[in-house]
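J.: What follows is a single structure, and I will ask about it in a moment.
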Amino acid sequence: MTAITRIALVGCGAIGTSVLELLHGDPALKVVAIVVPAEGVAAAQKVAPDAQVGSAVPATGIDLVVETAGHAAIEEHVLPALARGTPCVVASVGALSATGFAEKLEAAAVAGKTQVQLIPGAIGGIDALAAARIGGLDSVRYTGRKPPQAWKGTPAEQGRNLDTLAQETVIFEGSAREAALLYPKNANVAATVSLAGLGLDRTLVRLIADPATTENVHTVEAEGAFGSFALTMRNKPLAANPKTSALTVYSAVRALRNRVAPLAI
Ligand SMILES: NC(=O)C1=CN([C@@H]2O[C@H](COP(=O)(O)OP(=O)(O)OC[C@H]3O[C@@H](n4cnc5c(N)ncnc54)[C@H](OP(=O)(O)O)[C@@H]3O)[C@@H](O)[C@H]2O)C=CC1
Ligand SMILES: O=C([O-])CC(=O)C(=O)O
């Protein structure tokens, strides 16, 4: 009989709720605990009546922690879980843009003799980029284009009215590290591309608010010893959060299924 992997899901918003739905009835993966801020416990309990809901990962009975919550949740929940020896799957990859944070995560995983897995999320080509890095990369550029409403509540609002934006506007140009720090809910992909490729400081990022698009469009252009590639993803946003692409949910579920599948792809 297949042993069930008992999951603690950190975050129960747009991604978390969809992950829960897709894992419902899975013979090998079961969300047994949900971790949300204290004020959100009652609402999360309604979404997952069978799960233990609280504001900390239970200290026992958890085989895997899955983060779909935001940068702060990595420090709060992922680091201690790793140090206790529980493997973790992380969606908020942009958290690693804070100086020294990637090293902190690694140290916690080493201390717990376990592993933290960063999912590709809304972007494709991470396997190719990470493989190409082994041969040597010369340049990696990432462009993130989203409808103006996806940039609400971010520094993109400074000096412009997103509601009346008439044409596409570059709201950020700089390194992946700066992008991920300034746009923690919109530029996790920039961090992921950089961590797989040329690093947080050498990956060139442009972020664009575009009233002509209804999709989250991600472009990666990479050149190196392997040759070159140009990839464009035209992602549908989740209805529950226009900042977030539906593919992020599927990427999380794929990562979880691959952990237990006899044949993984
Ligand atoms: N790698 C990728 O491609 C992508 C990564 N992401 C990452 O995933 C995160 C979640 O996205 P999404 O589901 O759309 O966001 P939502 O805002 O819809 O949901 C976030 C959920 O996490 C909870 N939460 C917030 N802070 C904490 C915390 N410290 N501990 C536990 N729970 C917490 C929220 O609770 P409450 O509502 O009560 O605050 C809410 O339930 C994003 O912030 C981003 O970092 C997103 C898109 C793509
Ligand atoms: O979901 C997306 O399209 C990308 C995103 O928000 C991020 O990179 O943080």
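Each chain of the structure tokens is named A, B, ... in the order shown, its residues numbered from 1; ligands are numbered from 1 in display order.
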To check your reading of the model: which residues sit at most 6 Å from ligand 1 when counting only C-alpha atoms and all ligand atoms? Write the answer as an mmCIF file with N, CA, C and O atoms, in the first residue's frame.
T.:
data_model
loop_
_atom_site.group_PDB
_atom_site.id
_atom_site.type_symbol
_atom_site.label_atom_id
_atom_site.label_comp_id
_atom_site.auth_asym_id
_atom_site.auth_seq_id
_atom_site.Cartn_x
_atom_site.Cartn_y
_atom_site.Cartn_z
ATOM 1 N N VAL A 10 1.039 25.992 3.858
ATOM 2 C CA VAL A 10 1.185 27.331 4.460
ATOM 3 C C VAL A 10 0.621 28.344 3.476
ATOM 4 O O VAL A 10 1.150 28.514 2.377
ATOM 5 N N GLY A 11 -0.483 29.008 3.863
ATOM 6 C CA GLY A 11 -1.166 29.948 2.980
ATOM 7 C C GLY A 11 -2.368 29.288 2.350
ATOM 8 O O GLY A 11 -2.272 28.176 1.807
ATOM 9 N N CYS A 12 -3.503 29.971 2.441
ATOM 10 C CA CYS A 12 -4.741 29.396 1.889
ATOM 11 C C CYS A 12 -5.483 30.478 1.109
ATOM 12 O O CYS A 12 -6.670 30.708 1.315
ATOM 13 N N GLY A 13 -4.741 31.132 0.221
ATOM 14 C CA GLY A 13 -5.338 32.166 -0.619
ATOM 15 C C GLY A 13 -5.612 31.611 -2.003
ATOM 16 O O GLY A 13 -6.081 30.472 -2.148
ATOM 17 N N ALA A 14 -5.294 32.403 -3.033
ATOM 18 C CA ALA A 14 -5.608 31.995 -4.414
ATOM 19 C C ALA A 14 -4.907 30.683 -4.774
ATOM 20 O O ALA A 14 -5.536 29.756 -5.286
ATOM 21 N N ILE A 15 -3.606 30.595 -4.523
ATOM 22 C CA ILE A 15 -2.881 29.365 -4.880
ATOM 23 C C ILE A 15 -3.272 28.222 -3.938
ATOM 24 O O ILE A 15 -3.610 27.121 -4.381
ATOM 25 N N GLY A 16 -3.227 28.488 -2.647
ATOM 26 C CA GLY A 16 -3.463 27.436 -1.647
ATOM 27 C C GLY A 16 -4.819 26.764 -1.842
ATOM 28 O O GLY A 16 -4.923 25.526 -1.829
ATOM 29 N N VAL A 35 -1.812 26.390 7.491
ATOM 30 C CA VAL A 35 -1.208 27.418 8.336
ATOM 31 C C VAL A 35 -1.516 28.780 7.735
ATOM 32 O O VAL A 35 -1.156 29.057 6.582
ATOM 33 N N VAL A 36 -2.203 29.620 8.493
ATOM 34 C CA VAL A 36 -2.549 30.975 8.035
ATOM 35 C C VAL A 36 -2.351 31.933 9.218
ATOM 36 O O VAL A 36 -2.248 31.486 10.365
ATOM 37 N N PRO A 37 -2.316 33.249 8.956
ATOM 38 C CA PRO A 37 -2.246 34.182 10.085
ATOM 39 C C PRO A 37 -3.450 33.969 11.009
ATOM 40 O O PRO A 37 -4.516 33.540 10.538
ATOM 41 N N GLY A 40 -6.996 34.572 10.069
ATOM 42 C CA GLY A 40 -7.573 33.842 8.943
ATOM 43 C C GLY A 40 -7.964 32.414 9.276
ATOM 44 O O GLY A 40 -8.449 31.681 8.407
ATOM 45 N N THR A 68 2.652 28.488 0.086
ATOM 46 C CA THR A 68 1.970 29.266 -0.961
ATOM 47 C C THR A 68 1.411 30.524 -0.289
ATOM 48 O O THR A 68 0.235 30.838 -0.433
ATOM 49 N N ALA A 69 2.259 31.237 0.439
ATOM 50 C CA ALA A 69 1.753 32.300 1.324
ATOM 51 C C ALA A 69 2.370 33.674 1.079
ATOM 52 O O ALA A 69 1.693 34.694 1.220
ATOM 53 N N GLY A 70 3.643 33.740 0.768
ATOM 54 C CA GLY A 70 4.315 35.035 0.635
ATOM 55 C C GLY A 70 5.686 34.996 1.288
ATOM 56 O O GLY A 70 5.999 34.074 2.044
ATOM 57 N N HIS A 71 6.491 36.020 1.000
ATOM 58 C CA HIS A 71 7.896 36.000 1.438
ATOM 59 C C HIS A 71 8.055 35.799 2.950
ATOM 60 O O HIS A 71 8.901 35.026 3.394
ATOM 61 N N ALA A 72 7.221 36.506 3.731
ATOM 62 C CA ALA A 72 7.407 36.462 5.193
ATOM 63 C C ALA A 72 7.211 35.047 5.740
ATOM 64 O O ALA A 72 7.800 34.679 6.769
ATOM 65 N N ALA A 73 6.390 34.263 5.052
ATOM 66 C CA ALA A 73 6.086 32.912 5.542
ATOM 67 C C ALA A 73 7.296 31.983 5.471
ATOM 68 O O ALA A 73 7.348 30.970 6.174
ATOM 69 N N ALA A 91 6.895 28.289 -3.009
ATOM 70 C CA ALA A 91 6.441 29.066 -4.181
ATOM 71 C C ALA A 91 6.983 30.496 -4.157
ATOM 72 O O ALA A 91 7.215 31.080 -5.213
ATOM 73 N N SER A 92 7.182 31.051 -2.964
ATOM 74 C CA SER A 92 7.591 32.462 -2.868
ATOM 75 C C SER A 92 9.108 32.589 -2.988
ATOM 76 O O SER A 92 9.814 33.016 -2.057
ATOM 77 N N VAL A 93 9.592 32.230 -4.167
ATOM 78 C CA VAL A 93 11.038 32.126 -4.421
ATOM 79 C C VAL A 93 11.728 33.491 -4.290
ATOM 80 O O VAL A 93 12.910 33.571 -3.949
ATOM 81 N N PRO A 120 9.152 26.001 -10.134
ATOM 82 C CA PRO A 120 9.204 26.982 -11.230
ATOM 83 C C PRO A 120 8.027 27.959 -11.193
ATOM 84 O O PRO A 120 8.145 29.104 -11.598
ATOM 85 N N GLY A 121 6.878 27.510 -10.709
ATOM 86 C CA GLY A 121 5.720 28.403 -10.609
ATOM 87 C C GLY A 121 5.208 28.824 -11.974
ATOM 88 O O GLY A 121 4.975 27.993 -12.857
ATOM 89 N N ALA A 122 5.106 30.138 -12.175
ATOM 90 C CA ALA A 122 4.460 30.672 -13.378
ATOM 91 C C ALA A 122 5.347 30.651 -14.611
ATOM 92 O O ALA A 122 4.915 31.046 -15.690
ATOM 93 N N PRO A 184 7.282 41.838 -4.322
ATOM 94 C CA PRO A 184 7.294 40.489 -3.739
ATOM 95 C C PRO A 184 6.138 39.593 -4.191
ATOM 96 O O PRO A 184 6.258 38.380 -4.133
ATOM 97 N N LYS A 185 5.043 40.212 -4.666
ATOM 98 C CA LYS A 185 3.909 39.378 -5.095
ATOM 99 C C LYS A 185 3.845 39.245 -6.611
ATOM 100 O O LYS A 185 2.933 38.623 -7.146
ATOM 101 N N ASN A 188 8.360 36.948 -8.295
ATOM 102 C CA ASN A 188 8.994 35.701 -7.844
ATOM 103 C C ASN A 188 9.664 34.995 -9.017
ATOM 104 O O ASN A 188 10.723 34.389 -8.885
ATOM 105 N N VAL A 189 9.021 35.092 -10.175
ATOM 106 C CA VAL A 189 9.544 34.468 -11.376
ATOM 107 C C VAL A 189 10.911 35.049 -11.753
ATOM 108 O O VAL A 189 11.810 34.324 -12.193
ATOM 109 N N ASN A 241 -6.916 36.084 -7.762
ATOM 110 C CA ASN A 241 -5.789 37.011 -7.603
ATOM 111 C C ASN A 241 -5.165 37.300 -8.969
ATOM 112 O O ASN A 241 -4.455 36.458 -9.511
ATOM 113 N N THR A 244 -1.463 36.607 -9.852
ATOM 114 C CA THR A 244 -0.947 35.235 -9.859
ATOM 115 C C THR A 244 -1.482 34.429 -11.034
ATOM 116 O O THR A 244 -2.689 34.382 -11.274
ATOM 117 N N THR A 248 0.967 28.596 -11.744
ATOM 118 C CA THR A 248 1.673 28.460 -10.460
ATOM 119 C C THR A 248 1.066 27.320 -9.638
ATOM 120 O O THR A 248 1.775 26.535 -9.001
#
J.: Taking the backbone alone, and naming residues the way the document does, which bits of segment 17-181 of chain A are strand (DSSP E or B) by DSSP, as a PyMOL selection string?
T.: chain A and resi 29-35+52-54+64-67+88-90+116-118+137-146+169-175
J.: Mind checking which residues fall within 12 Å of segment 41-53 of chain A, counting only C-alpha atoms, ignoring those fewer than 5 positions away in the same chain, and posting them as a PyMOL selection string?
T.: chain A and resi 6-14+16-21+23-24+30-36+58+61-62
J.: Report as an NGL selection string all protein, DNA and RNA residues lying within 8 Å of Arg234 of chain A, evaluated on only C-alpha atoms, omitting residues in the same chain fewer than 4 positions from it.
T.: :A and (215-218)
J.: Write to file, as an mmCIF file, in the first residue's frame, the residues of the selection just made, with N, CA, C and O atoms.
T.:
data_model
loop_
_atom_site.group_PDB
_atom_site.id
_atom_site.type_symbol
_atom_site.label_atom_id
_atom_site.label_comp_id
_atom_site.auth_asym_id
_atom_site.auth_seq_id
_atom_site.Cartn_x
_atom_site.Cartn_y
_atom_site.Cartn_z
ATOM 1 N N GLU A 215 -3.442 38.910 -19.984
ATOM 2 C CA GLU A 215 -2.682 37.746 -19.503
ATOM 3 C C GLU A 215 -1.440 38.210 -18.742
ATOM 4 O O GLU A 215 -1.037 39.372 -18.847
ATOM 5 N N ASN A 216 -0.835 37.272 -18.012
ATOM 6 C CA ASN A 216 0.476 37.523 -17.408
ATOM 7 C C ASN A 216 1.504 36.919 -18.364
ATOM 8 O O ASN A 216 1.605 35.697 -18.478
ATOM 9 N N VAL A 217 2.201 37.786 -19.064
ATOM 10 C CA VAL A 217 3.105 37.329 -20.131
ATOM 11 C C VAL A 217 4.548 37.383 -19.622
ATOM 12 O O VAL A 217 5.041 38.444 -19.244
ATOM 13 N N HIS A 218 5.188 36.231 -19.616
ATOM 14 C CA HIS A 218 6.570 36.143 -19.125
ATOM 15 C C HIS A 218 7.479 35.733 -20.269
ATOM 16 O O HIS A 218 7.205 34.758 -20.966
#
J.: Determine the nearest neighbour of Ile208 of chain A from the options A:Ala128, A:Ala3, A:Ile134, A:Ala187, counting only C-alpha atoms.
T.: A:Ala187
J.: Assign secondary structure with DSSP using the backbone only, and return the residues of segment 123-258 of chain A in alpha helix (DSSP H) as a ChimeraX atom specification.
T.: /A:126-135,176-182,188-196,246-258
